[in-house]
Protein chains: 2
Amino acid sequence: MYRTKTCGELRLANVDENVTLAGWVQRVRKMGGMTFIDLRDRYGITQLVFNQEKDVDLCDKANKLGREYVIQVTGIVAERSNKNAHLLTGEIEILVSALTVLNEAVTPPFTIEDNTDGGDDLRMKYRYLDLRRNCVRANLELRHKMAFEVRRYLDAQGFLEVETPVLVNSTPEGARDFVVPSRMNPGQFYALPQSPQTLKQLLMVSGFDRYFQIVKCFRDEDLRADRQPEFTQIDCEMSFVEQEDVIRIFEGMSKHLFKYIKGIDLPDFPRMTWHDAMKYYGSDKPDIRFDMRFVELMDILKGHGFSVFDSAEYIGGICAKGAAAYTRKQLDNLTEFVKRPQIGAKGLVYARIEADGNVKSSVDKFYSQEILQRMKAAFKAEAGDLILILSGDNSNKVRKQLCELRLEMGNQLGLRDKNKYACLWVVDFPLFEWSEEDQRFYAMHHPFTSPKPEDIPLLDTEPGAVRANAYDMVINGVEVGGGSIRIHDSKLQHKMFELLGFTPEKAEERFGFLMNAFKYGAPPHGGLAYGLDRFVSIFAGLDSIRDCIAFPKNNAGRDVMLDAPGVLDQIQLDELSLQIVQH
Amino acid sequence: MYRTKTCGELRLANVDENVTLAGWVQRVRKMGGMTFIDLRDRYGITQLVFNQEKDVDLCDKANKLGREYVIQVTGIVAERSNKNAHLLTGEIEILVSALTVLNEAVTPPFTIEDNTDGGDDLRMKYRYLDLRRNCVRANLELRHKMAFEVRRYLDAQGFLEVETPVLVNSTPEGARDFVVPSRMNPGQFYALPQSPQTLKQLLMVSGFDRYFQIVKCFRDEDLRADRQPEFTQIDCEMSFVEQEDVIRIFEGMSKHLFKYIKGIDLPDFPRMTWHDAMKYYGSDKPDIRFDMRFVELMDILKGHGFSVFDSAEYIGGICAKGAAAYTRKQLDNLTEFVKRPQIGAKGLVYARIEADGNVKSSVDKFYSQEILQRMKAAFKAEAGDLILILSGDNSNKVRKQLCELRLEMGNQLGLRDKNKYACLWVVDFPLFEWSEEDQRFYAMHHPFTSPKPEDIPLLDTEPGAVRANAYDMVINGVEVGGGSIRIHDSKLQHKMFELLGFTPEKAEERFGFLMNAFKYGAPPHGGLAYGLDRFVSIFAGLDSIRDCIAFPKNNAGRDVMLDAPGVLDQIQLDELSLQIVQH
């Protein structure tokens with residue numbers, strides 16, 4: 001037994017107990033003849049006291065301890081005269097009678113504090129030290145709790161966690177697969193799953209009825225800011241369900257998490273059609289912590305001689321409550337913001353509602369106060385508000401620009417509080433997406449997504465108008481989960497393949513084994529998948545999923561701590577029947 | 001809503017309720033003007049009744065249903081006149097008023113029954129149909145429950161589940177790695193983890209204190225009967241612990257599983273040293289559901305003129321209680337059994353204890369009754385017992401042969417009841433294993449395993465005698481888990497590397513990053529890992545781990561259902577800078 005207590009549990013009630021603790025030296029302070037050490041473990045920090053007058057040798061030994069030494073101490077719990085209200089253990093200290101150095105430590109390359117002096121690269125190289133920081137470890141403790149509560153909820157709802165294989169074949173997700181050469185089958189490769197999509201559908205064919213799995217998935221994509229080559233999904237599927245059944249169960253799961261992790265009782269989640277989300281927020285994952293909906297202004301502002309608007313196919317704006325006091329400089333910055341290449345607007349029109357109710361805009365010379373008042377009414381704007389307007393020749397493009405502007409205004413006005421949670425379901429996604437480039441339809445979700453029954457006739461006449469039984473769960477503007485009801489009718493599935501441009505041969509080659517399985521009695525089924533990394537990062541209030549992953553990879557897909565990937569011996573390559581091609 | 005109830009929940013109390021069920025047609029029986037259908041889902045089977053007199057069209061429709069059709073029915077719950085005591089729903093049936101065919105099914109290639117007519121290969125190819133069989137699904141339900149209870153127990157003990165990466169570098173486990181070419185780092189490869197051993201040790205350096213993970217591990221080995229290229233571990237590690245602490249926590253976990261899954265309260269697990277296990281059972285994983293310990297007979301039987309024994313370096317035997325009635329044919333079969341090449345004994349000597357207490361042996365001409373009586377006393381044998389004796393020139397080899405014979409006798413005498421569970425800890429493993437072939441020591445567990453403190457002086461003088469702080473948990477003769485206290489002292493670790501024949505450069509190359517991490521303050525730590533597949537198979541009473549894996553691979557490492565692995569397009573190979581070498 002290395003310890004009788006942890007560094008986080010001693011209180012006033014323990015005073016006079018003889019205890020043994022073990023942990024890391026956080027800080028050594030000498031004050032007069034006394035030495036104080038903060039001893040740290042996962043559970044907290046406890047103050048140790050060494051008194052030179054009582055035991056000079058022991059005190060000398062303590063004075064020689066460096067940061068991050070691992071030590072074991074025995075002593076008596078005493079009440080502190082100088083209490084620390086920030087620590088749960090701040091009312092006590094240990095009068096140490098014995099000290100053992102369990103392991104020495106060289107000085108870490110950065111400080112083990114919440115506000116560390118270590119840069120990103122250094123912290124990633126020494127991730128095992130970075131993980132000692134309370135704020136980083138807390139994210140992983142949260143991750144553990146969330147995964148545990150997900151399992152507790154789903155188990156209670158009759159879901160079975162079934163492990164699907166990691167060494168599989170190519171999946172029809174569309175992204176690039178990571179592959180694994182098979183030594184026993186020379187020249188052949190396994191693929192790592194982009195998701196267990198087909199396997200979970202097979203489990204429904206097997207009658208598993210309610211399946212889930214918290215599972216690693218893999219995509220070999222060029223990494224953007226918040227992507228990892230391996231990520232974790234909460235993957236779920238149910239049989240004999242309609243969209244409403246799936247939504248009910250998983251809204252319940254999210255509420256369960258908010259309740260048991262955050263102590264928040266959430267009301268029922270609002271639903272928004274994809275069409276409304278695009279129209280009012282310019283995004284299929286609107287952040288509805290704040291309102292600031294788009295108002296369309298074509299009727300009001302077009303045809304009054306302002307050529308930019310007169311030639312526009314879309315004019316729309318947002319009303320920032322109480323922002324009329326924005327200075328010229330702030331407005332110029334907003335204009336710069338929307339004109340950045342990532343956003344790409346040509347310019348920004350603004351209008352202030354003055355104290356007397358008059359509207360003062362940047363395009364006053366084209367519009368009478370009467371027109372401007374009609375605009376004000378359209379926004380239900382009030383004195384002190386600021387109206388911001390964008391326009392352009394492609395309504396979707398402008399809406400996306402306006403979405404960025406809206407989010408920026410939300411940030412500037414403090415409307416995106418990380419401790420406030422606004423959840424919603426976005427529903428009625430289009431089944432297809434038209435690619436101008438390829439002049440063909442693509443499945444917006446995946447080829448197994450079922451159309452709304454009432455829209456099936458449109459498959460022949462107007463495929464672009466067909467809505468899917470697909471749904472996304474959005475929290476604070478982040479898509480945390482999404483899914484669909486699947487097609488279980490093989491005739492309809494074949495029609496889908498046809499519309500997506502698969503020849504029967506190609507469809508057979510790619511999806512044959514699933515279609516074959518469906519011949520043996522497939523139940524109606526549907527499901528969804530959550531991105532666990534993202535879900536945790538929202539709960540933790542993090543900007544990046546990387547901070548809730550123990551050992552993340554960098555943007556080049558490297559683990560700089562492990563120095564992976566690396567080169568293989570020639571023997572290994574030979575065993576795998578492989579040769580590296582030099583470019 | 002496709003159903004108001006499942007096929008497993010209706011009872012007499014539900015009589016007269018109007019319900020809707022959905023599921024698969026298990027069986028259609030026509031009897032007179034009535035049609036009976038067994039409707040199956042994951043939860044059970046419910047009998048449906050169609051009466052030709054009441055609704056001839058509906059009854060006709062029911063008669064056309066084939067096996068495994070997916071249907072939805074609505075009807076009234078009625079009490080059965082002809083109750084089926086084997087079914088929980090056997091007291092009721094549904095008088096169907098509406099029937100919808102949700103999906104047709106072609107005839108499955110084998111029957112969906114516990115005793116199916118499908119062979120192994122066919123069932124693996126159509127695994128999604130095999131999984132419909134109750135007995136197969138029950139194994140996966142058990143697996144879910146066990147994993148859930150493991151998490152519940154470990155969470156309550158303060159363990160955090162931390163996901164470690166799947167795309168890593170080579171691990172020092174010694175087996176062959178599966179590798180993943182990195183497109184973004186041409187010519188370089190990730191390795192899939194053989195276990196998270198080094199990562200969990202890093203988490204201890206990080207101060208995580210108590211870590212676990214239920215995690216996929218990968219070994220590219222030639223597959224034997226009960227091996228899979230991917231398998232699941234319950235992987236655990238703890239800081240500031242000694243062997244006793246680890247054993248206490250994980251004995252607790254096993255007891256928890258037996259209690260909550262099987263309803264069995266187990267007593268404390270006995271401990272056995274590796275030395276005793278080898279001496280008395282010829283195995284480091286003895287099946288102690290039955291006694292039948294080895295008795296050494298060198299003192300008694302050597303030097304009496306029987307040349308086989310006189311030249312032997314080991315003579316040992318077992319006493320099979322009550323087996324004296326074995327016929328000559330049975331004894332010949334046992335002789336054949338031990339002489340099979342897999343076992344390799346030269347012959348078998350036997351001795352019966354007759355009703356009068358006399359010993360009648362196959363080597364009577366060499367031994368007086370007095371000597372035989374001494375042998376009988378050594379076994380504490382009684383009238384009716386059968387003594388079986390093996391000998392040879394290598395005591396370990398003979399012990400292994402005797403172990404096989406003991407297990408075979410256990411089987412023949414019905415002493416290995418699958419519903420009886422005998423758990424034990426095997427402790428005090430040797431730290432090193434001597435390889436005659438390579439004339440050097442290997443780590444028996446892995447190079448990070450710590451020696452017993454009191455044996456450290458022997459490292460210099462007699463390494464083969466050093467005992468490790470290593471322990472295995474054995475249930476019914478199967479090693480379900482094992483682990484060790486790790487070395488946290490870098491001087492001792494370097495000595496280990498030296499003894500294992502690593503040059504300082506080689507040690508640095510292979511274990512450098514872990515050794516480097518240890519410099520920053522490594523706590524004393526240790527842990528263990530369970531094989532979940534094996535643990536579940538013992539609970540399920542299965543002979544193979546394959547039966548508790550949803551989608552297992554065959555002995556050639558192929559998933560015959562998915563037809564994986566497969567070939568890649570040239571484009572994919574080019575992207576990965578790879579070329580296949582034709583042999």
# chains A, B, ... in the order shown; residues from 1 in each chain; ligands from 1
$ select_by_dssp --residues "region 328-527 of chain B" --states "alpha helix (DSSP H)" --output "number ranges by chain"
B: 328-339, 369-379, 395-412, 458-461, 490-499, 504-518
$ write_last_selection --atoms "C-alpha atoms" --output "mmCIF file, in the first residue's frame"
data_model
loop_
_atom_site.group_PDB
_atom_site.id
_atom_site.type_symbol
_atom_site.label_atom_id
_atom_site.label_comp_id
_atom_site.auth_asym_id
_atom_site.auth_seq_id
_atom_site.Cartn_x
_atom_site.Cartn_y
_atom_site.Cartn_z
ATOM 1 C CA ARG B 328 -8.601 -52.823 -21.272
ATOM 2 C CA LYS B 329 -10.006 -51.051 -24.351
ATOM 3 C CA GLN B 330 -10.462 -47.783 -22.469
ATOM 4 C CA LEU B 331 -6.922 -48.031 -21.135
ATOM 5 C CA ASP B 332 -5.585 -48.779 -24.618
ATOM 6 C CA ASN B 333 -7.402 -45.680 -25.846
ATOM 7 C CA LEU B 334 -5.778 -43.605 -23.116
ATOM 8 C CA THR B 335 -2.405 -44.997 -24.155
ATOM 9 C CA GLU B 336 -3.172 -44.045 -27.751
ATOM 10 C CA PHE B 337 -4.252 -40.594 -26.516
ATOM 11 C CA VAL B 338 -0.946 -39.850 -24.776
ATOM 12 C CA LYS B 339 1.061 -41.301 -27.672
ATOM 13 C CA GLN B 369 3.102 -55.389 -3.750
ATOM 14 C CA GLU B 370 4.917 -53.566 -0.963
ATOM 15 C CA ILE B 371 6.346 -51.003 -3.385
ATOM 16 C CA LEU B 372 2.977 -50.684 -5.083
ATOM 17 C CA GLN B 373 1.346 -50.107 -1.714
ATOM 18 C CA ARG B 374 3.813 -47.311 -1.053
ATOM 19 C CA MET B 375 2.798 -45.812 -4.373
ATOM 20 C CA LYS B 376 -0.869 -46.194 -3.466
ATOM 21 C CA ALA B 377 -0.200 -44.374 -0.194
ATOM 22 C CA ALA B 378 1.562 -41.551 -2.028
ATOM 23 C CA PHE B 379 -1.651 -40.974 -3.996
ATOM 24 C CA SER B 395 10.409 -33.319 -16.408
ATOM 25 C CA ASN B 396 8.646 -30.311 -18.003
ATOM 26 C CA LYS B 397 7.785 -32.279 -21.099
ATOM 27 C CA VAL B 398 6.367 -35.166 -19.065
ATOM 28 C CA ARG B 399 4.397 -32.760 -16.866
ATOM 29 C CA LYS B 400 2.777 -31.246 -19.948
ATOM 30 C CA GLN B 401 1.865 -34.727 -21.171
ATOM 31 C CA LEU B 402 0.491 -35.589 -17.786
ATOM 32 C CA CYS B 403 -1.481 -32.332 -17.829
ATOM 33 C CA GLU B 404 -3.191 -33.375 -21.063
ATOM 34 C CA LEU B 405 -3.940 -36.783 -19.618
ATOM 35 C CA ARG B 406 -5.354 -35.212 -16.452
ATOM 36 C CA LEU B 407 -7.654 -32.929 -18.460
ATOM 37 C CA GLU B 408 -8.764 -35.857 -20.613
ATOM 38 C CA MET B 409 -9.569 -37.902 -17.498
ATOM 39 C CA GLY B 410 -11.433 -34.879 -16.134
ATOM 40 C CA ASN B 411 -13.512 -34.855 -19.303
ATOM 41 C CA GLN B 412 -14.115 -38.595 -19.266
ATOM 42 C CA LEU B 458 19.592 -12.728 -8.065
ATOM 43 C CA LEU B 459 19.526 -10.686 -11.291
ATOM 44 C CA ASP B 460 23.293 -10.724 -11.244
ATOM 45 C CA THR B 461 23.847 -14.262 -10.084
ATOM 46 C CA SER B 490 15.021 3.624 -14.706
ATOM 47 C CA LYS B 491 18.215 2.028 -13.397
ATOM 48 C CA LEU B 492 16.443 -1.269 -12.888
ATOM 49 C CA GLN B 493 14.832 -0.916 -16.302
ATOM 50 C CA HIS B 494 18.195 -0.463 -17.969
ATOM 51 C CA LYS B 495 19.486 -3.541 -16.195
ATOM 52 C CA MET B 496 16.504 -5.489 -17.555
ATOM 53 C CA PHE B 497 17.246 -4.345 -21.086
ATOM 54 C CA GLU B 498 20.834 -5.428 -20.621
ATOM 55 C CA LEU B 499 19.832 -8.875 -19.357
ATOM 56 C CA PRO B 504 21.749 0.722 -25.063
ATOM 57 C CA GLU B 505 21.176 1.943 -28.652
ATOM 58 C CA LYS B 506 18.613 -0.758 -29.421
ATOM 59 C CA ALA B 507 16.832 -0.140 -26.116
ATOM 60 C CA GLU B 508 16.738 3.573 -26.912
ATOM 61 C CA GLU B 509 15.397 2.938 -30.399
ATOM 62 C CA ARG B 510 12.613 0.622 -29.270
ATOM 63 C CA PHE B 511 11.653 1.995 -25.871
ATOM 64 C CA GLY B 512 13.245 5.418 -25.892
ATOM 65 C CA PHE B 513 10.106 7.508 -25.759
ATOM 66 C CA LEU B 514 8.716 5.535 -22.822
ATOM 67 C CA MET B 515 12.036 5.694 -20.952
ATOM 68 C CA ASN B 516 12.163 9.394 -21.703
ATOM 69 C CA ALA B 517 8.682 9.858 -20.256
ATOM 70 C CA PHE B 518 9.743 7.999 -17.113
#
$ residues_around --residues "region 442-447 of chain B" --least-positions-apart "6" --cutoff "9 Å" --atoms "only C-alpha atoms" --output "MDAnalysis selection string"
chainID B and resid 172:174 429:435 468 470 483:484 486:487 493 496:497 499:501
$ write_last_selection --atoms "N, CA, C and O atoms" --output "CSV table (one decimal), in the first residue's frame"
chain,number,residue,atom,x,y,z
B,172,PRO,N,6.1,-3.0,-28.4
B,172,PRO,CA,7.1,-4.0,-28.1
B,172,PRO,C,6.6,-5.3,-27.6
B,172,PRO,O,7.1,-6.0,-26.7
B,173,GLU,N,5.5,-5.8,-28.2
B,173,GLU,CA,4.9,-7.0,-27.7
B,173,GLU,C,5.5,-8.2,-28.3
B,173,GLU,O,5.4,-9.3,-27.8
B,174,GLY,N,6.2,-8.0,-29.4
B,174,GLY,CA,6.9,-9.2,-29.9
B,174,GLY,C,6.3,-9.9,-31.1
B,174,GLY,O,6.9,-10.5,-31.9
B,429,PHE,N,5.4,-15.8,-11.2
B,429,PHE,CA,5.9,-16.3,-12.5
B,429,PHE,C,7.4,-16.0,-12.5
B,429,PHE,O,7.9,-15.0,-11.9
B,430,PRO,N,8.2,-16.8,-13.2
B,430,PRO,CA,9.6,-16.4,-13.4
B,430,PRO,C,9.7,-15.1,-14.2
B,430,PRO,O,8.8,-14.9,-15.1
B,431,LEU,N,10.7,-14.3,-14.0
B,431,LEU,CA,10.8,-13.1,-14.7
B,431,LEU,C,11.3,-13.4,-16.2
B,431,LEU,O,10.8,-12.8,-17.1
B,432,PHE,N,12.2,-14.4,-16.3
B,432,PHE,CA,12.7,-14.7,-17.6
B,432,PHE,C,12.4,-16.1,-18.0
B,432,PHE,O,12.1,-17.0,-17.2
B,433,GLU,N,12.5,-16.3,-19.3
B,433,GLU,CA,12.3,-17.6,-19.8
B,433,GLU,C,13.6,-17.9,-20.6
B,433,GLU,O,14.1,-17.0,-21.4
B,434,TRP,N,14.3,-19.0,-20.4
B,434,TRP,CA,15.5,-19.3,-21.1
B,434,TRP,C,15.2,-20.0,-22.5
B,434,TRP,O,14.4,-20.9,-22.6
B,435,SER,N,15.7,-19.4,-23.6
B,435,SER,CA,15.5,-20.0,-24.9
B,435,SER,C,16.7,-20.9,-25.2
B,435,SER,O,17.8,-20.4,-25.4
B,468,ALA,N,8.9,-12.8,-10.8
B,468,ALA,CA,8.3,-11.5,-11.2
B,468,ALA,C,7.1,-11.2,-10.4
B,468,ALA,O,6.5,-12.0,-9.8
B,470,ALA,N,4.3,-10.8,-11.3
B,470,ALA,CA,3.3,-11.0,-12.3
B,470,ALA,C,2.3,-12.0,-11.9
B,470,ALA,O,2.6,-12.8,-11.0
B,483,GLY,N,-1.2,-9.9,-15.7
B,483,GLY,CA,-0.6,-8.6,-15.7
B,483,GLY,C,0.6,-8.6,-14.8
B,483,GLY,O,1.1,-9.7,-14.4
B,484,SER,N,1.1,-7.4,-14.5
B,484,SER,CA,2.3,-7.3,-13.6
B,484,SER,C,2.4,-6.0,-13.0
B,484,SER,O,1.7,-5.0,-13.5
B,486,ARG,N,4.9,-2.9,-12.9
B,486,ARG,CA,5.9,-2.5,-13.9
B,486,ARG,C,7.1,-2.0,-13.1
B,486,ARG,O,7.0,-1.6,-12.0
B,487,ILE,N,8.2,-1.9,-13.8
B,487,ILE,CA,9.4,-1.3,-13.3
B,487,ILE,C,9.2,0.2,-13.5
B,487,ILE,O,8.8,0.7,-14.5
B,493,GLN,N,15.3,-0.7,-14.9
B,493,GLN,CA,14.8,-0.9,-16.3
B,493,GLN,C,16.0,-1.1,-17.3
B,493,GLN,O,16.0,-2.0,-18.1
B,496,MET,N,17.4,-4.5,-16.9
B,496,MET,CA,16.5,-5.5,-17.6
B,496,MET,C,16.8,-5.6,-19.0
B,496,MET,O,17.0,-6.6,-19.6
B,497,PHE,N,16.9,-4.4,-19.7
B,497,PHE,CA,17.2,-4.3,-21.1
B,497,PHE,C,18.6,-5.1,-21.4
B,497,PHE,O,18.7,-5.8,-22.3
B,499,LEU,N,20.0,-7.4,-19.5
B,499,LEU,CA,19.8,-8.9,-19.4
B,499,LEU,C,19.1,-9.5,-20.5
B,499,LEU,O,19.3,-10.7,-20.9
B,500,LEU,N,18.2,-8.7,-21.2
B,500,LEU,CA,17.5,-9.2,-22.3
B,500,LEU,C,18.3,-9.1,-23.6
B,500,LEU,O,17.7,-9.3,-24.7
B,501,GLY,N,19.5,-8.6,-23.5
B,501,GLY,CA,20.4,-8.6,-24.7
B,501,GLY,C,20.2,-7.3,-25.6
B,501,GLY,O,20.6,-7.4,-26.7
$ residues_around --residues "region 521-524 of chain A" --least-positions-apart "3" --cutoff "8 Å" --atoms "only C-alpha atoms" --output "PyMOL selection string"
(chain A and resi 204-205+207+239-241+486-488+517-518) or (chain B and resi 23-24+68-70+102-106)
$ write_last_selection --atoms "N, CA, C and O atoms" --output "JSON list (two decimals), in the first residue's frame"
[["chain", "number", "residue", "atom", "x", "y", "z"],
["A", 204, "MET", "N", -29.47, -5.25, -38.07],
["A", 204, "MET", "CA", -30.93, -5.10, -38.08],
["A", 204, "MET", "C", -31.55, -6.26, -38.85],
["A", 204, "MET", "O", -32.56, -6.83, -38.43],
["A", 205, "VAL", "N", -30.94, -6.65, -39.97],
["A", 205, "VAL", "CA", -31.40, -7.83, -40.71],
["A", 205, "VAL", "C", -31.34, -9.07, -39.80],
["A", 205, "VAL", "O", -32.17, -9.96, -39.88],
["A", 207, "GLY", "N", -31.98, -9.09, -36.74],
["A", 207, "GLY", "CA", -32.99, -9.01, -35.68],
["A", 207, "GLY", "C", -32.46, -8.49, -34.36],
["A", 207, "GLY", "O", -33.08, -8.71, -33.31],
["A", 239, "SER", "N", -34.75, -1.10, -35.20],
["A", 239, "SER", "CA", -35.66, -1.71, -36.16],
["A", 239, "SER", "C", -37.11, -1.37, -35.83],
["A", 239, "SER", "O", -37.43, -1.06, -34.69],
["A", 240, "PHE", "N", -37.95, -1.51, -36.84],
["A", 240, "PHE", "CA", -39.39, -1.26, -36.70],
["A", 240, "PHE", "C", -39.64, 0.15, -36.16],
["A", 240, "PHE", "O", -40.41, 0.34, -35.21],
["A", 241, "VAL", "N", -38.94, 1.11, -36.73],
["A", 241, "VAL", "CA", -39.10, 2.49, -36.27],
["A", 241, "VAL", "C", -39.34, 3.44, -37.44],
["A", 241, "VAL", "O", -38.96, 3.17, -38.57],
["A", 486, "ARG", "N", -33.70, 4.18, -43.07],
["A", 486, "ARG", "CA", -33.07, 3.57, -44.25],
["A", 486, "ARG", "C", -34.15, 2.99, -45.17],
["A", 486, "ARG", "O", -35.27, 2.71, -44.74],
["A", 487, "ILE", "N", -33.76, 2.77, -46.39],
["A", 487, "ILE", "CA", -34.64, 2.08, -47.33],
["A", 487, "ILE", "C", -34.60, 0.59, -47.00],
["A", 487, "ILE", "O", -33.51, 0.03, -46.87],
["A", 488, "HIS", "N", -35.76, -0.03, -46.82],
["A", 488, "HIS", "CA", -35.73, -1.48, -46.60],
["A", 488, "HIS", "C", -36.40, -2.22, -47.75],
["A", 488, "HIS", "O", -36.49, -3.44, -47.76],
["A", 517, "ALA", "N", -28.30, -9.45, -48.46],
["A", 517, "ALA", "CA", -28.79, -9.68, -47.11],
["A", 517, "ALA", "C", -30.25, -9.24, -46.98],
["A", 517, "ALA", "O", -31.06, -9.89, -46.33],
["A", 518, "PHE", "N", -30.57, -8.12, -47.64],
["A", 518, "PHE", "CA", -31.93, -7.58, -47.53],
["A", 518, "PHE", "C", -32.97, -8.53, -48.12],
["A", 518, "PHE", "O", -34.15, -8.46, -47.76],
["B", 23, "GLY", "N", -42.37, -8.59, -36.72],
["B", 23, "GLY", "CA", -41.27, -9.54, -36.57],
["B", 23, "GLY", "C", -41.14, -10.45, -37.78],
["B", 23, "GLY", "O", -41.65, -10.14, -38.86],
["B", 24, "TRP", "N", -40.43, -11.55, -37.53],
["B", 24, "TRP", "CA", -40.15, -12.50, -38.61],
["B", 24, "TRP", "C", -41.01, -13.75, -38.44],
["B", 24, "TRP", "O", -41.26, -14.21, -37.32],
["B", 68, "GLU", "N", -39.29, -16.46, -42.59],
["B", 68, "GLU", "CA", -38.45, -15.26, -42.47],
["B", 68, "GLU", "C", -39.05, -14.03, -43.16],
["B", 68, "GLU", "O", -38.38, -13.01, -43.29],
["B", 69, "TYR", "N", -40.31, -14.11, -43.63],
["B", 69, "TYR", "CA", -40.99, -12.89, -44.06],
["B", 69, "TYR", "C", -41.08, -11.93, -42.87],
["B", 69, "TYR", "O", -41.22, -12.37, -41.72],
["B", 70, "VAL", "N", -41.00, -10.64, -43.16],
["B", 70, "VAL", "CA", -41.14, -9.64, -42.10],
["B", 70, "VAL", "C", -42.56, -9.10, -42.17],
["B", 70, "VAL", "O", -42.99, -8.60, -43.22],
["B", 102, "LEU", "N", -44.23, -6.51, -44.44],
["B", 102, "LEU", "CA", -43.27, -5.39, -44.48],
["B", 102, "LEU", "C", -42.14, -5.70, -45.45],
["B", 102, "LEU", "O", -41.57, -4.80, -46.07],
["B", 103, "ASN", "N", -41.79, -6.96, -45.54],
["B", 103, "ASN", "CA", -40.76, -7.36, -46.49],
["B", 103, "ASN", "C", -40.85, -8.85, -46.71],
["B", 103, "ASN", "O", -41.05, -9.63, -45.78],
["B", 104, "GLU", "N", -40.69, -9.25, -47.97],
["B", 104, "GLU", "CA", -40.66, -10.67, -48.28],
["B", 104, "GLU", "C", -39.25, -11.20, -48.02],
["B", 104, "GLU", "O", -38.32, -10.44, -47.80],
["B", 105, "ALA", "N", -39.13, -12.52, -48.04],
["B", 105, "ALA", "CA", -37.82, -13.13, -47.82],
["B", 105, "ALA", "C", -37.68, -14.33, -48.72],
["B", 105, "ALA", "O", -38.62, -15.11, -48.86],
["B", 106, "VAL", "N", -36.53, -14.46, -49.35],
["B", 106, "VAL", "CA", -36.25, -15.71, -50.05],
["B", 106, "VAL", "C", -35.89, -16.74, -48.99],
["B", 106, "VAL", "O", -35.56, -16.39, -47.85]]
$ interface_residues --of "chain B" --to "chain A" --cutoff "6 Å" --atoms "only C-alpha atoms" --output "ChimeraX atom specification"
/B:2,42,68-70,103-106,128-129,131-132,144,160-161,168-169,179-180,187-190,202,206-207,240,519-521,564-567,577-581
$ residues_around --residues "region 53-63 of chain A" --least-positions-apart "3" --cutoff "9 Å" --atoms "only C-alpha atoms" --output "VMD selection string"
chain A and resid 28 to 30 33 to 37 49 to 50 66 96 to 99
$ atom_distance --atom1 "CA of Met146 (chain A)" --atom2 "CA of Phe269 (chain A)"
19.6 Å
$ atom_distance --atom1 "CA of Lys302 (chain B)" --atom2 "CA of Cys319 (chain B)"
18.8 Å
$ residues_around --residues "region 385-389 of chain B" --least-positions-apart "4" --cutoff "7 Å" --atoms "only C-alpha atoms" --output "list in words"
Gly316, Gly317, Ile318, Cys319, Ala320, Lys321, Gly322, Ala323, Ala324, Leu348, Val349, Tyr350, Ala351, Arg352, Ile353 and Ala381 of chain B
$ residues_around --residues "Phe110 (chain A)" --least-positions-apart "6" --cutoff "9 Å" --atoms "only C-alpha atoms" --output "VMD selection string"
chain A and resid 116 to 119 122 to 123 129 to 130
$ select_by_dssp --residues "region 76-172 of chain A" --states "strand (DSSP E or B)" --output "list in words"
Ile76, Val77, Ala78, Glu79, Ile92, Glu93, Ile94, Leu95, Val96, Ser97, Ala98, Leu99, Thr100, Val101, Leu102, Asn103, Leu160, Glu161 and Val168 of chain A
$ residues_around --residues "region 365-368 of chain A" --least-positions-apart "3" --cutoff "10 Å" --atoms "only C-alpha atoms" --output "ChimeraX atom specification"
/A:300-301,303-307,359,361-362,371-373
$ atom_distance --atom1 "CA of Val478 (chain A)" --atom2 "CA of Asn115 (chain A)"
27.0 Å
$ closest_residue --among "A:Ala13, A:Ile485, A:Ala156, A:Ala345" --to "Val246 (chain A)" --atoms "only C-alpha atoms"
A:Ile485
